[in-house]
Amino acid sequence: MAPVKVQKICCIGAGYVGGPTCAVIALKCPHIEVTIVDLNQARIDDWNSADFRLPIYEPGLEDVVRQCRGRNLFFSTDVNKGIQEADLIFVSVNTPTKKSGVGAGFAADLNYVELATRQIAAVATSSKIVVEKSTVPCRTAESMRTILEANSKPNCRFDILSNPEFLAEGTAIEDLFKPDRVLIGSLQSQEGKDACHSLTEVYANWVPKDRILNVGLWSSELSKLAANAMLAQRISSINALSAICEATGANIDEVAHAVGYDSRVGPKFLRASVGFGGSCFQKDILNLVYLSESLHLPEVAAYWRQVVEMNEYQKARFSKRVVDTLFNTITGKRIAVLGFAFKADTGDTRESAAITLIKNFQNEKAFINVYDPQVPHSQIWADLQDVNPGVPLESLQKQVTISPSALEACKNAEAVVIATEWKEFRDIDWEHVYAHMNKPAFVFDGRLLVDAEKLRKIGFKVTTIGRGGL
């Protein structure tokens with residue numbers, strides 16, 4: 001049987017992966033109808049909003065949606081219709097780390113993946129290519145195939161592919177336009193290879209064929225976890241070295257620059273910070289830890305677990321440095337935290353270092369002003385309630401204030417903590433900030449963002465991650 005020519009695509013899940021990915025597919029493949037479905041009515045309403053106030057902030061995304069929406073890109077809550085009409089279905093639902101039960105704190109929660117898979121089997125009346133887009137543990141595709149085959153209707157065939165995303169939030173659209181590689185995993189049967197060819201032809205509308213890698217199903221699933229684990233490992237490695245720099249007087253910027261000149265190492269992901277965040281790194285490493293333990297490889301599990309432990313240590317170490325520098329107490333003092341997103345150019349707060357820092361400052365009985373240019377206030381309160389279980393919102397709001405601007409956040413504060421590397425924090429009027437702070441005025445740069453010497457000349461006491469002394 002010849003490979004299917006894809007004419008209609010359905011993506012289940014309108015989040016950070018499904019939304020941008022399928023919007024770009026619609027832009028680059030005007031001959032393919034793309035429908036993104038989600039049960040969350042509010043989210044779909046945002047995707048369909050007349051003023052294009054999309055539920056996700058990502059540079060360039062609005063422009064893509066403006067060009068395609070209503071032409072060959074559609075957003076709907078009618079999941080069944082999307083499944084029935086599609087030739088190819090992306091499963092792009094959330095796979096958070098489990099909070100309870102077997103594997104709690106490590107294993108991925110595949111509940112949404114299973115629900116989506118069962119719905120495909122129940123609704124589909126014709127053969128489909130089902131593409132695993134969510135980040136999942138190795139061999140999840142086998143579980144999906146078992147469910148689909150056990151529940152399929154007569155003459156309905158399902159071919160499973162793995163097509164992990166390698167997007168960096170903040171540059172996702174750019175990454176989709178010019179990917180380093182597109183990875184497609186399939187069973188090595190003829191049917192599997194035909195399904196792989198069908199998806200390859202979709203991407204080939206704009207991605208050079210030599211950047212589309214066809215591999216085995218299990219290799220594809222593991223490659224995603226491996227890529228994120230190794231990137232996170234680099235961050236934890238440079239952060240571990242930043243602690244040595246602070247103790248010895250070395251400068252982590254200079255060390256990273258020197259190391260990055262080695263062509264075998266390269267300069268990327270060697271920027272020390274208060275710690276990595278985001279939806280993928282920690283989740284994927286913990287997934288790898290759980291997988292290693294399940295395969296009776298305790299030494300491998302311990303190796304990868306240390307990457308996460310170093311990240312937690314970095315956040316705790318930075319918080320302690322703030323307390324130690326402010327004369328060993330911040331009780332009753334006002335701390336301005338600039339940034340709440342896990343990194344600049346995104347509104348995503350998942351596993352953000354700022355959440356941990358604010359929680360630590362709360363424990364020290366400080367007052368906190370927080371400002372972020374993109375994160376909705378409701379998201380900030382939700383994240384802080386999540387790490388303060390049982391604490392009423394009114395109590396939180398007595399200790400934490402969300403400020404309308406960076407300048408307002410810094411007013412009457414004892415210290416400014418830079419938690420996210422938004423460009424506007426580098427460019428704010430620091431002389432104005434200094435004039436309206438309590439003295440001595442401290443700045444703690446957790447992102448190597450500001451010119452420490454310039455701030456010292458204004459009068460600030462500046463502490464920079466990875467550098468010793470004030």
# chains A, B, ... in the order shown; residues from 1 in each chain; ligands from 1

$ residues_around --residues "stretch 148-151 of chain A" --least-positions-apart "4" --cutoff "8 Å" --atoms "only C-alpha atoms" --output "list of chain:residue names"
A:Thr117, A:Arg118, A:Ile120, A:Ala121, A:Ala122, A:Met144, A:Arg157, A:Phe158

$ write_last_selection --atoms "C-alpha atoms" --output "PDB file, in the first residue's frame"
ATOM      1  CA  THR A 117      -5.456   7.592  22.540  1.00  0.00           C
ATOM      2  CA  ARG A 118      -8.672   5.951  23.737  1.00  0.00           C
ATOM      3  CA  ILE A 120      -8.990   8.295  18.855  1.00  0.00           C
ATOM      4  CA  ALA A 121      -9.775   4.561  18.947  1.00  0.00           C
ATOM      5  CA  ALA A 122     -13.405   5.165  19.940  1.00  0.00           C
ATOM      6  CA  MET A 144      -0.613   3.608  22.555  1.00  0.00           C
ATOM      7  CA  ARG A 157      -5.565   0.715  10.907  1.00  0.00           C
ATOM      8  CA  PHE A 158      -3.384   2.865  13.140  1.00  0.00           C
TER       9      PHE A 158
END

$ residues_around --residues "A:Ala354" --least-positions-apart "5" --cutoff "8 Å" --atoms "only C-alpha atoms" --output "list in words"
Val337, Gly339, Phe340, Ala341, Phe342, Ala419 and Thr420 of chain A

$ residues_around --residues "stretch 91-100 of chain A" --least-positions-apart "3" --cutoff "7 Å" --atoms "only C-alpha atoms" --output "list in words"
Cys11, Ile12, Gly13, Val17, Gly18, Gly103, Ala104, Gly105, Phe106, Ala107, Ala108, Asp109, Leu110, Tyr112, Val113, Val131, Glu132, Lys133, Ser134, Thr135 and Lys283 of chain A

$ closest_residue --among "A:Lys398, A:Tyr203, A:Lys333, A:Ser378" --to "A:Asn438" --atoms "only C-alpha atoms"
A:Lys333

$ select_by_dssp --residues "stretch 122-271 of chain A" --states "alpha helix (DSSP H)" --output "JSON, numbers by chain"
{"A": [122, 123, 140, 141, 142, 143, 144, 145, 146, 147, 148, 149, 150, 151, 172, 173, 174, 175, 176, 177, 190, 191, 192, 193, 194, 195, 196, 197, 198, 199, 200, 201, 202, 203, 217, 218, 219, 220, 221, 222, 223, 224, 225, 226, 227, 228, 229, 230, 231, 232, 233, 234, 235, 236, 237, 238, 239, 240, 241, 242, 243, 244, 245, 246, 247, 248, 252, 253, 254, 255, 256, 257, 258, 259, 260]}

$ closest_residue --among "A:Lys8, A:Ala2, A:Ser279, A:Ala316" --to "A:Gln190" --atoms "only C-alpha atoms"
A:Ala2

$ atom_distance --atom1 "atom CA of A:Val443" --atom2 "atom CA of A:Asn239"
19.4 Å
